[in-house]
>>> print(open('upload_23.txt').read())   # compact mmCIF, C-alpha atoms
# COMPACT_ATOMS: atom_id res chain seq x y z
CA MET Z 1 21.75 -18.90 -7.01
CA GLN Z 2 22.70 -15.23 -7.37
CA TRP Z 3 19.74 -14.20 -5.22
CA LEU Z 4 21.05 -16.42 -2.40
CA LYS Z 5 24.48 -14.82 -2.67
CA ASN Z 6 22.90 -11.33 -2.61
CA LEU Z 7 20.82 -12.28 0.43
CA LYS Z 8 23.95 -13.50 2.24
CA ILE Z 9 25.76 -10.23 1.45
CA TYR Z 10 22.72 -8.24 2.64
CA PHE Z 11 22.54 -10.04 5.99
CA LYS Z 12 26.29 -9.68 6.46
CA SER Z 13 25.90 -5.91 6.17
CA LEU Z 14 23.37 -5.93 9.02
CA GLY Z 15 24.05 -6.55 12.71
CA PRO Z 16 23.23 -3.79 15.21
CA GLY Z 17 19.50 -3.98 14.45
CA PHE Z 18 19.43 -7.68 15.34
CA ILE Z 19 21.25 -6.95 18.60
CA ILE Z 20 18.65 -4.30 19.51
CA ALA Z 21 15.81 -6.72 18.69
CA SER Z 22 17.39 -9.47 20.79
CA VAL Z 23 17.76 -7.33 23.92
CA VAL Z 24 14.19 -5.99 23.80
CA LEU Z 25 12.59 -9.39 23.17
CA GLY Z 26 12.98 -11.06 26.54
CA PRO Z 27 10.61 -13.21 28.61
CA GLY Z 28 8.82 -10.09 29.91
CA SER Z 29 7.94 -8.99 26.39
CA ILE Z 30 6.72 -12.49 25.50
CA THR Z 31 4.62 -12.66 28.68
CA VAL Z 32 2.96 -9.29 28.06
CA SER Z 33 2.29 -10.10 24.39
CA SER Z 34 0.88 -13.51 25.31
CA ARG Z 35 -1.40 -12.05 27.96
CA MET Z 36 -2.64 -9.25 25.72
CA GLY Z 37 -3.61 -11.70 23.01
CA SER Z 38 -5.32 -14.14 25.38
CA GLU Z 39 -7.23 -11.39 27.21
CA HIS Z 40 -8.00 -8.85 24.47
CA GLY Z 41 -7.65 -10.78 21.23
CA TYR Z 42 -6.34 -8.78 18.27
CA ALA Z 43 -7.71 -5.46 19.56
CA PHE Z 44 -4.40 -3.75 20.40
CA LEU Z 45 -2.14 -4.78 17.53
CA TRP Z 46 -2.11 -1.13 16.43
CA VAL Z 47 -0.22 -0.20 19.61
CA ILE Z 48 2.74 -2.34 18.50
CA VAL Z 49 2.91 -0.26 15.31
CA LEU Z 50 2.98 3.04 17.24
CA ALA Z 51 5.59 1.71 19.65
CA ALA Z 52 7.69 0.38 16.76
CA ILE Z 53 7.61 3.79 15.03
CA SER Z 54 8.75 5.46 18.27
CA MET Z 55 11.48 2.86 18.80
CA TYR Z 56 12.63 3.32 15.21
CA ILE Z 57 12.92 7.10 15.48
CA TYR Z 58 15.09 6.91 18.62
CA THR Z 59 17.12 3.96 17.32
CA SER Z 60 17.74 5.82 14.05
CA MET Z 61 18.76 8.87 16.09
CA GLY Z 62 21.31 6.66 17.84
CA ALA Z 63 22.54 5.27 14.53
CA ARG Z 64 22.80 8.76 13.02
CA PHE Z 65 24.89 9.96 15.96
CA GLY Z 66 27.10 6.87 15.78
CA THR Z 67 27.90 7.37 12.10
CA THR Z 68 28.68 11.10 12.39
CA SER Z 69 30.70 11.36 15.61
CA ASN Z 70 33.98 9.88 16.84
CA ASP Z 71 32.98 10.49 20.47
CA SER Z 72 30.45 8.23 22.15
CA ILE Z 73 27.04 9.75 22.79
CA LEU Z 74 27.56 9.84 26.58
CA GLN Z 75 31.01 11.40 26.14
CA SER Z 76 29.39 14.07 23.99
CA ILE Z 77 26.62 14.65 26.54
CA ALA Z 78 29.28 14.94 29.28
CA GLY Z 79 31.30 17.43 27.23
CA ASN Z 80 28.30 19.60 26.35
CA TYR Z 81 26.04 19.35 29.40
CA GLY Z 82 28.26 18.09 32.21
CA ARG Z 83 29.61 14.77 33.46
CA TRP Z 84 26.86 14.68 36.10
CA PHE Z 85 24.23 14.38 33.35
CA SER Z 86 25.98 11.54 31.53
CA ALA Z 87 26.64 9.80 34.88
CA ILE Z 88 22.95 9.92 35.82
CA ILE Z 89 21.95 8.56 32.41
CA GLY Z 90 24.58 5.79 32.70
CA ILE Z 91 23.45 4.82 36.22
CA SER Z 92 19.80 4.91 35.19
CA ALA Z 93 20.46 2.78 32.10
CA PHE Z 94 22.35 0.26 34.26
CA MET Z 95 19.41 0.10 36.69
CA ALA Z 96 16.97 -0.38 33.82
CA ALA Z 97 19.10 -3.18 32.33
CA SER Z 98 19.60 -4.85 35.71
CA SER Z 99 15.87 -4.81 36.42
CA PHE Z 100 15.30 -6.93 33.30
CA GLN Z 101 17.96 -9.51 34.21
CA PHE Z 102 15.81 -11.26 36.81
CA GLY Z 103 13.13 -11.98 34.21
CA ASN Z 104 15.75 -13.09 31.67
CA ASN Z 105 17.15 -15.66 34.11
CA LEU Z 106 13.68 -16.92 34.95
CA GLY Z 107 12.93 -17.19 31.23
CA VAL Z 108 16.06 -19.26 30.58
CA GLY Z 109 15.09 -21.61 33.43
CA ILE Z 110 11.45 -21.99 32.37
CA ALA Z 111 12.37 -22.58 28.72
CA MET Z 112 15.07 -25.15 29.43
CA GLN Z 113 12.83 -26.99 31.88
CA GLY Z 114 10.20 -27.14 29.13
CA ILE Z 115 12.76 -28.63 26.72
CA THR Z 116 14.68 -30.96 29.07
CA GLY Z 117 12.50 -31.47 32.16
CA ILE Z 118 15.41 -30.40 34.42
CA ASP Z 119 14.54 -28.00 37.29
CA GLU Z 120 14.40 -24.36 36.16
CA ARG Z 121 16.64 -23.16 39.04
CA ILE Z 122 19.65 -25.05 37.64
CA TRP Z 123 19.79 -23.24 34.30
CA PRO Z 124 20.69 -19.67 35.42
CA LEU Z 125 23.72 -21.25 37.15
CA ILE Z 126 24.77 -22.63 33.74
CA PHE Z 127 23.83 -19.82 31.36
CA THR Z 128 25.11 -16.86 33.41
CA PRO Z 129 28.66 -18.27 33.85
CA SER Z 130 28.59 -19.15 30.12
CA ALA Z 131 27.77 -15.51 29.34
CA ILE Z 132 30.61 -14.32 31.61
CA VAL Z 133 33.08 -16.68 29.89
CA LEU Z 134 31.95 -15.29 26.52
CA LEU Z 135 32.33 -11.75 27.86
CA PHE Z 136 35.95 -12.15 29.01
CA TRP Z 137 37.38 -14.65 26.54
CA ALA Z 138 35.67 -13.94 23.23
CA LYS Z 139 37.93 -12.11 20.78
CA ASN Z 140 36.10 -9.07 19.39
CA LEU Z 141 32.97 -9.50 21.52
CA TYR Z 142 30.90 -7.30 19.21
CA LYS Z 143 31.35 -9.61 16.20
CA VAL Z 144 30.57 -12.68 18.31
CA LEU Z 145 27.40 -11.05 19.67
CA GLU Z 146 26.34 -9.92 16.21
CA LYS Z 147 26.50 -13.43 14.75
CA LEU Z 148 24.96 -15.08 17.82
CA MET Z 149 22.06 -12.62 18.01
CA MET Z 150 21.28 -13.02 14.29
CA VAL Z 151 20.94 -16.77 14.81
CA LEU Z 152 18.84 -16.39 17.99
CA VAL Z 153 16.48 -13.82 16.45
CA MET Z 154 15.89 -16.08 13.46
CA ILE Z 155 15.21 -19.02 15.81
CA MET Z 156 12.64 -16.86 17.65
CA ILE Z 157 10.89 -15.92 14.42
CA LEU Z 158 10.76 -19.51 13.15
CA ALA Z 159 9.56 -20.92 16.49
CA PHE Z 160 6.78 -18.38 16.98
CA LEU Z 161 5.80 -18.54 13.29
CA PHE Z 162 5.45 -22.32 13.58
CA ASN Z 163 3.08 -21.93 16.53
CA LEU Z 164 1.12 -19.28 14.62
CA LEU Z 165 0.66 -21.60 11.62
CA LEU Z 166 -0.82 -24.23 13.92
CA THR Z 167 -3.50 -21.80 15.10
CA LYS Z 168 -4.65 -20.84 11.54
CA PRO Z 169 -5.90 -17.29 12.30
CA ALA Z 170 -8.31 -15.40 10.05
CA VAL Z 171 -6.45 -12.70 8.09
CA SER Z 172 -9.45 -10.32 8.26
CA ASP Z 173 -9.49 -10.54 12.06
CA ILE Z 174 -5.78 -9.76 12.24
CA ALA Z 175 -6.20 -6.77 9.90
CA GLY Z 176 -8.95 -5.39 12.13
CA GLY Z 177 -6.56 -5.34 15.07
CA PHE Z 178 -4.41 -2.72 13.36
CA VAL Z 179 -7.30 -0.22 13.40
CA PRO Z 180 -7.31 1.74 16.70
CA SER Z 181 -10.97 1.19 17.48
CA SER Z 182 -10.44 -0.08 21.02
CA PHE Z 183 -8.95 3.07 22.55
CA SER Z 184 -10.33 4.42 25.81
CA PHE Z 185 -8.77 6.05 28.85
CA GLY Z 186 -9.50 2.86 30.75
CA SER Z 187 -7.21 0.96 28.37
CA LEU Z 188 -4.16 3.19 28.93
CA ASP Z 189 -2.53 0.60 31.18
CA ILE Z 190 -2.82 -1.99 28.37
CA ILE Z 191 -1.33 0.45 25.89
CA ALA Z 192 1.51 1.27 28.30
CA ALA Z 193 2.30 -2.41 28.82
CA LEU Z 194 2.48 -3.07 25.07
CA VAL Z 195 4.60 0.05 24.50
CA GLY Z 196 7.02 -1.33 27.07
CA THR Z 197 7.47 -4.55 25.07
CA THR Z 198 8.80 -2.67 22.03
CA PHE Z 199 10.01 0.81 23.00
CA VAL Z 200 13.14 0.35 25.18
CA LEU Z 201 15.20 3.52 25.27
CA HIS Z 202 18.50 2.29 26.71
CA ALA Z 203 18.64 -0.11 23.73
CA ALA Z 204 17.97 2.79 21.33
CA LEU Z 205 20.75 4.79 23.01
CA TYR Z 206 23.16 1.87 22.60
CA GLN Z 207 22.56 1.78 18.84
CA SER Z 208 25.07 4.64 18.55
CA TYR Z 209 27.77 2.44 20.12
CA LEU Z 210 26.88 -0.48 17.87
CA ALA Z 211 27.14 1.71 14.76
CA GLN Z 212 30.57 2.94 15.89
CA ASN Z 213 31.73 -0.60 16.70
CA LYS Z 214 30.64 -1.61 13.21
CA GLY Z 215 32.93 1.13 11.84
CA TRP Z 216 30.13 2.96 10.05
CA LYS Z 217 30.74 6.56 8.94
CA VAL Z 218 28.58 9.24 7.26
CA ALA Z 219 28.84 7.37 3.96
CA ASP Z 220 27.22 4.39 5.69
CA MET Z 221 24.24 6.41 6.96
CA LYS Z 222 21.73 4.71 4.65
CA LYS Z 223 23.06 1.31 5.62
CA GLY Z 224 22.76 2.20 9.32
CA LEU Z 225 19.18 3.44 8.98
CA LYS Z 226 18.21 0.37 6.94
CA ASP Z 227 19.72 -1.83 9.65
CA SER Z 228 17.67 0.00 12.29
CA TYR Z 229 14.54 -0.51 10.22
CA VAL Z 230 15.17 -4.25 9.81
CA GLY Z 231 15.87 -4.71 13.53
CA ILE Z 232 12.71 -2.88 14.65
CA PHE Z 233 10.66 -4.71 12.01
CA MET Z 234 11.89 -8.06 13.40
CA LEU Z 235 11.08 -6.87 16.91
CA ALA Z 236 7.53 -5.82 16.01
CA LEU Z 237 6.99 -8.95 13.90
CA ILE Z 238 7.77 -11.32 16.78
CA SER Z 239 5.49 -9.40 19.18
CA ILE Z 240 2.69 -9.52 16.59
CA LEU Z 241 3.23 -13.27 16.00
CA ILE Z 242 2.89 -13.97 19.73
CA ILE Z 243 -0.19 -11.76 20.18
CA VAL Z 244 -1.94 -13.29 17.16
CA THR Z 245 -1.10 -16.85 18.28
CA SER Z 246 -2.45 -16.19 21.75
CA ALA Z 247 -5.51 -14.32 20.42
CA THR Z 248 -6.41 -17.14 18.01
CA ALA Z 249 -5.71 -20.16 20.23
CA LEU Z 250 -6.56 -18.94 23.74
CA HIS Z 251 -8.84 -15.88 23.60
CA PRO Z 252 -11.91 -17.74 22.19
CA LEU Z 253 -11.61 -20.25 25.07
CA GLY Z 254 -11.48 -17.53 27.73
CA ILE Z 255 -7.97 -18.58 28.82
CA THR Z 256 -5.84 -15.78 30.29
CA VAL Z 257 -2.06 -16.10 30.16
CA ASN Z 258 -0.07 -14.73 33.12
CA SER Z 259 3.40 -15.86 32.09
CA ALA Z 260 5.40 -17.20 29.18
CA ALA Z 261 5.28 -20.60 30.89
CA ASP Z 262 1.46 -20.46 30.82
CA MET Z 263 1.58 -19.80 27.10
CA ALA Z 264 3.75 -22.86 26.52
CA LEU Z 265 1.47 -25.06 28.65
CA GLN Z 266 -1.69 -23.85 26.91
CA LEU Z 267 -0.19 -24.51 23.48
CA GLU Z 268 0.71 -28.00 24.65
CA SER Z 269 -2.88 -28.63 25.74
CA LEU Z 270 -4.12 -27.54 22.31
CA PHE Z 271 -1.49 -28.88 19.92
CA GLY Z 272 0.52 -31.48 21.84
CA SER Z 273 3.94 -31.57 23.46
CA TYR Z 274 5.90 -30.62 20.32
CA ALA Z 275 4.21 -27.19 20.31
CA LYS Z 276 5.40 -26.63 23.88
CA ILE Z 277 8.94 -27.64 22.92
CA ILE Z 278 8.95 -25.33 19.88
CA PHE Z 279 7.65 -22.44 21.99
CA SER Z 280 10.25 -23.20 24.69
CA ILE Z 281 13.05 -23.08 22.09
CA GLY Z 282 11.86 -19.62 21.01
CA LEU Z 283 11.57 -18.52 24.65
CA CYS Z 284 15.07 -19.80 25.42
CA ALA Z 285 16.52 -17.90 22.44
CA ALA Z 286 14.72 -14.75 23.61
CA ALA Z 287 15.82 -15.16 27.23
CA PHE Z 288 19.49 -15.92 26.62
CA SER Z 289 19.94 -13.27 23.93
CA SER Z 290 18.34 -10.64 26.15
CA LEU Z 291 20.28 -11.86 29.22
CA MET Z 292 23.62 -11.47 27.44
CA VAL Z 293 23.15 -8.28 25.44
CA ASN Z 294 21.06 -6.45 28.05
CA ALA Z 295 23.89 -6.86 30.58
CA VAL Z 296 26.48 -5.70 28.01
CA MET Z 297 24.42 -2.57 27.32
CA GLY Z 298 23.87 -1.78 31.00
CA GLY Z 299 27.53 -2.31 31.91
CA GLY Z 300 28.85 -0.40 28.91
CA LEU Z 301 26.55 2.60 29.39
CA LEU Z 302 27.31 2.83 33.12
CA SER Z 303 31.06 2.72 32.52
CA ASP Z 304 30.95 5.32 29.74
CA GLY Z 305 28.55 7.55 31.68
CA LEU Z 306 31.05 7.63 34.57
CA GLY Z 307 33.95 8.24 32.17
CA LEU Z 308 35.58 4.85 32.91
CA GLY Z 309 35.69 3.45 29.38
CA ARG Z 310 33.25 2.66 26.60
CA ASN Z 311 34.74 -0.29 24.73
CA MET Z 312 33.83 -3.84 25.75
CA ASP Z 313 37.51 -4.78 25.42
CA GLU Z 314 38.24 -2.48 28.39
CA LYS Z 315 38.17 -3.55 32.05
CA MET Z 316 35.38 -1.50 33.66
CA PRO Z 317 32.63 -2.16 31.07
CA LYS Z 318 33.31 -5.89 31.56
CA VAL Z 319 33.24 -5.53 35.36
CA PHE Z 320 29.89 -3.69 35.36
CA THR Z 321 28.47 -6.17 32.83
CA THR Z 322 29.49 -9.06 35.09
CA ILE Z 323 27.77 -7.38 38.05
CA ALA Z 324 24.54 -7.04 36.05
CA LEU Z 325 24.73 -10.71 35.00
CA LEU Z 326 25.36 -11.93 38.55
CA LEU Z 327 22.61 -9.74 40.04
CA GLY Z 328 20.00 -11.33 37.78
CA MET Z 329 21.27 -14.84 38.49
CA VAL Z 330 21.40 -14.44 42.29
CA ILE Z 331 17.88 -12.98 42.52
CA ALA Z 332 16.44 -15.67 40.24
CA VAL Z 333 18.10 -18.60 42.02
CA PHE Z 334 18.43 -17.64 45.68
CA PHE Z 335 15.73 -15.06 46.43
CA ARG Z 336 12.63 -16.64 44.95
CA GLY Z 337 10.63 -15.92 48.11
CA ASN Z 338 11.13 -12.16 47.68
CA VAL Z 339 10.38 -11.98 43.96
CA ILE Z 340 7.65 -9.30 44.11
CA TYR Z 341 9.64 -7.08 46.48
CA ALA Z 342 12.76 -7.43 44.30
CA LEU Z 343 10.84 -6.57 41.14
CA ILE Z 344 9.18 -3.54 42.78
CA LEU Z 345 12.56 -2.17 43.86
CA ALA Z 346 14.08 -2.87 40.44
CA GLN Z 347 11.24 -1.14 38.61
CA ALA Z 348 11.31 1.84 40.98
CA SER Z 349 15.07 2.25 40.51
CA SER Z 350 14.80 2.17 36.72
CA ILE Z 351 11.92 4.64 36.32
CA LEU Z 352 14.17 7.70 35.95
CA ALA Z 353 16.07 6.06 33.09
CA VAL Z 354 13.31 6.43 30.54
CA PRO Z 355 12.74 10.21 30.45
CA LEU Z 356 16.42 10.98 31.12
CA ILE Z 357 17.67 8.91 28.19
CA ALA Z 358 15.04 10.37 25.86
CA PHE Z 359 15.85 13.92 27.00
CA GLY Z 360 19.60 13.40 26.63
CA MET Z 361 19.24 11.95 23.12
CA PHE Z 362 16.87 14.74 22.09
CA LEU Z 363 19.28 17.44 23.32
CA ILE Z 364 22.41 16.04 21.67
CA LEU Z 365 20.68 15.22 18.35
CA ASN Z 366 19.45 18.84 18.18
CA ASN Z 367 22.86 20.31 19.06
CA LYS Z 368 24.11 21.92 15.85
CA LYS Z 369 27.66 22.20 17.20
CA VAL Z 370 27.78 18.41 17.60
CA MET Z 371 25.61 17.18 14.74
CA GLY Z 372 25.98 19.94 12.14
CA LYS Z 373 23.74 19.23 9.15
CA MET Z 374 22.85 15.84 10.61
CA LYS Z 375 20.84 17.25 13.49
CA ASN Z 376 17.16 16.39 13.81
CA ASN Z 377 14.82 17.96 11.29
CA PRO Z 378 11.30 19.16 12.32
CA TRP Z 379 9.65 15.88 11.27
CA GLN Z 380 12.13 13.81 13.29
CA ASN Z 381 11.58 16.09 16.28
CA PHE Z 382 7.81 15.69 15.96
CA LEU Z 383 8.11 11.90 16.04
CA ALA Z 384 10.66 12.06 18.88
CA VAL Z 385 8.29 14.19 20.99
CA PHE Z 386 5.44 11.78 20.20
CA GLY Z 387 7.63 8.89 21.37
CA PHE Z 388 8.57 10.81 24.52
CA ILE Z 389 4.89 11.36 25.36
CA LEU Z 390 4.17 7.66 24.74
CA ILE Z 391 7.00 6.49 26.98
CA SER Z 392 6.17 9.09 29.65
CA LEU Z 393 2.65 7.67 29.80
CA MET Z 394 4.11 4.24 30.47
CA VAL Z 395 6.38 5.63 33.20
CA TYR Z 396 3.50 7.49 34.86
CA LEU Z 397 1.26 4.42 34.94
CA MET Z 398 4.12 2.24 36.18
CA TYR Z 399 4.88 4.75 38.92
CA SER Z 400 1.20 4.87 39.95
CA ARG Z 401 1.09 1.08 40.22
CA ILE Z 402 4.27 0.97 42.33
CA ILE Z 403 2.97 3.66 44.69
CA GLY Z 404 -0.37 1.83 44.94
CA TYR Z 405 1.38 -1.44 45.74
CA LEU Z 406 3.60 0.12 48.41
CA GLN Z 407 0.60 1.83 50.04
CA SER Z 408 -1.20 -1.52 50.24
CA LEU Z 409 1.64 -3.12 52.22
>>> encode(input="upload_23.txt", output="structure tokens")
Amino acid sequence: MQWLKNLKIYFKSLGPGFIIASVVLGPGSITVSSRMGSEHGYAFLWVIVLAAISMYIYTSMGARFGTTSNDSILQSIAGNYGRWFSAIIGISAFMAASSFQFGNNLGVGIAMQGITGIDERIWPLIFTPSAIVLLFWAKNLYKVLEKLMMVLVMIMILAFLFNLLLTKPAVSDIAGGFVPSSFSFGSLDIIAALVGTTFVLHAALYQSYLAQNKGWKVADMKKGLKDSYVGIFMLALISILIIVTSATALHPLGITVNSAADMALQLESLFGSYAKIIFSIGLCAAAFSSLMVNAVMGGGLLSDGLGLGRNMDEKMPKVFTTIALLLGMVIAVFFRGNVIYALILAQASSILAVPLIAFGMFLILNNKKVMGKMKNNPWQNFLAVFGFILISLMVYLMYSRIIGYLQSL
């Protein structure tokens, strides 16, 4: 049983990577992955790999900063480039996190309705107050989140793996999807959508805080980078499981998925009600984990960007986190008639976050005065620039769609 003991010790040494995976994998990511598989089969699995590499490089940059500096990354940006810059990044990150909260609340409702049959509108009124109670009364919130997110990520993997096993995909077909043979300029919107399911920069930025909360120092650098790798691997694995399940079960039948709820219903029609329940359990784990941690990240980054505190045991990070949680709940429960308008405004407000966060991280990780020998090397800068181009493409296409929608009104 020594191997079991070693495995337990290994998982105990992890943590931040699971938190990053849990915040990125929300209902929106599941919906996009489900739709891509049902509409395009295995053709764009290679995009997940590129997005995962980009997410890893920025997450590892965050981890490297967190293990080498006593200051937070936004404090360091404020000290070197001005408080205005850190404030804009903090506000933008809060907007980006808040824009995801609506979908997280919807996901919780849809999943719990699939499991219990109780109306989806009731569940945000239960889960959001539960998250707020956890936020204010949990001792050492970071440790609580770390353990909870590990459990929820493992539930997601098991649930989606179970559904995949039911579909019995051909391994050769899956392998073909990792070869970028389907690229064309007409498919850039598909690529951008898939990049958005994996490459979330405010989560990568927050990795530096998680590493510092874990107490990691320079001697723990390898451990921190390994943790980042495991977290991004889990993230990519779940996205791939969902795409392959949808591609195998739904694509041959010409069924297109438009939401995570559609995916659950289609699996039920193919494999029976237990498949829907298993999928709903995975969706619920994804929605609640993202709902909780996404709000913590948004509130913490806003507070630190404004210079009002960085630790989740302090007042202002908790206040801003509560605001993010309540915003998502109110929109999901009380403003259902204005869903599209609310989402358009949320997306528009969060667009600046992506390039600003990437630019701020790139600057501080290349600042020799701050990072010393730990600053980015040429290879890391090459991958960081590649990731910036990839995410900028997503932002451009998102912006074009928003402008097009507003012009059509």
>>> closest_residue(input="upload_23.txt", among="Z:Arg64, Z:Lys143, Z:Lys217, Z:His202", to="Asn294 (chain Z)", atoms="all atoms listed in the file")
Z:His202
>>> residues_around(input="upload_23.txt", residues="Gly114 (chain Z)", least_positions_apart="3", cutoff="12 Å", atoms="only C-alpha atoms", output="list in words")
Gly107, Val108, Gly109, Ile110, Ala111, Gly117, Ile118, Asp119, Glu120, Trp123, Ala260, Ala261, Asp262, Met263, Ala264, Leu265, Glu268, Ser273, Tyr274, Ala275, Lys276, Ile277, Ile278, Phe279, Ser280, Ile281, Gly282, Leu283 and Cys284 of chain Z
>>> atom_distance(input="upload_23.txt", atom1="CA of Met297 (chain Z)", atom2="CA of Lys147 (chain Z)")
16.7 Å
>>> closest_residue(input="upload_23.txt", among="Z:Gly82, Z:Gly215, Z:Gly103, Z:Gly26", to="Asn70 (chain Z)", atoms="only C-alpha atoms")
Z:Gly215
>>> closest_residue(input="upload_23.txt", among="Z:Gly307, Z:Pro27, Z:Gly224, Z:Gly299", to="Thr67 (chain Z)", atoms="all atoms listed in the file")
Z:Gly224
>>> closest_residue(input="upload_23.txt", among="Z:Phe362, Z:Phe388, Z:Phe65, Z:Phe162", to="Val195 (chain Z)", atoms="only C-alpha atoms")
Z:Phe388
>>> atom_distance(input="upload_23.txt", atom1="CA of Ile255 (chain Z)", atom2="CA of Ala192 (chain Z)")
22.0 Å
>>> atom_distance(input="upload_23.txt", atom1="CA of Met329 (chain Z)", atom2="CA of Ala287 (chain Z)")
12.5 Å
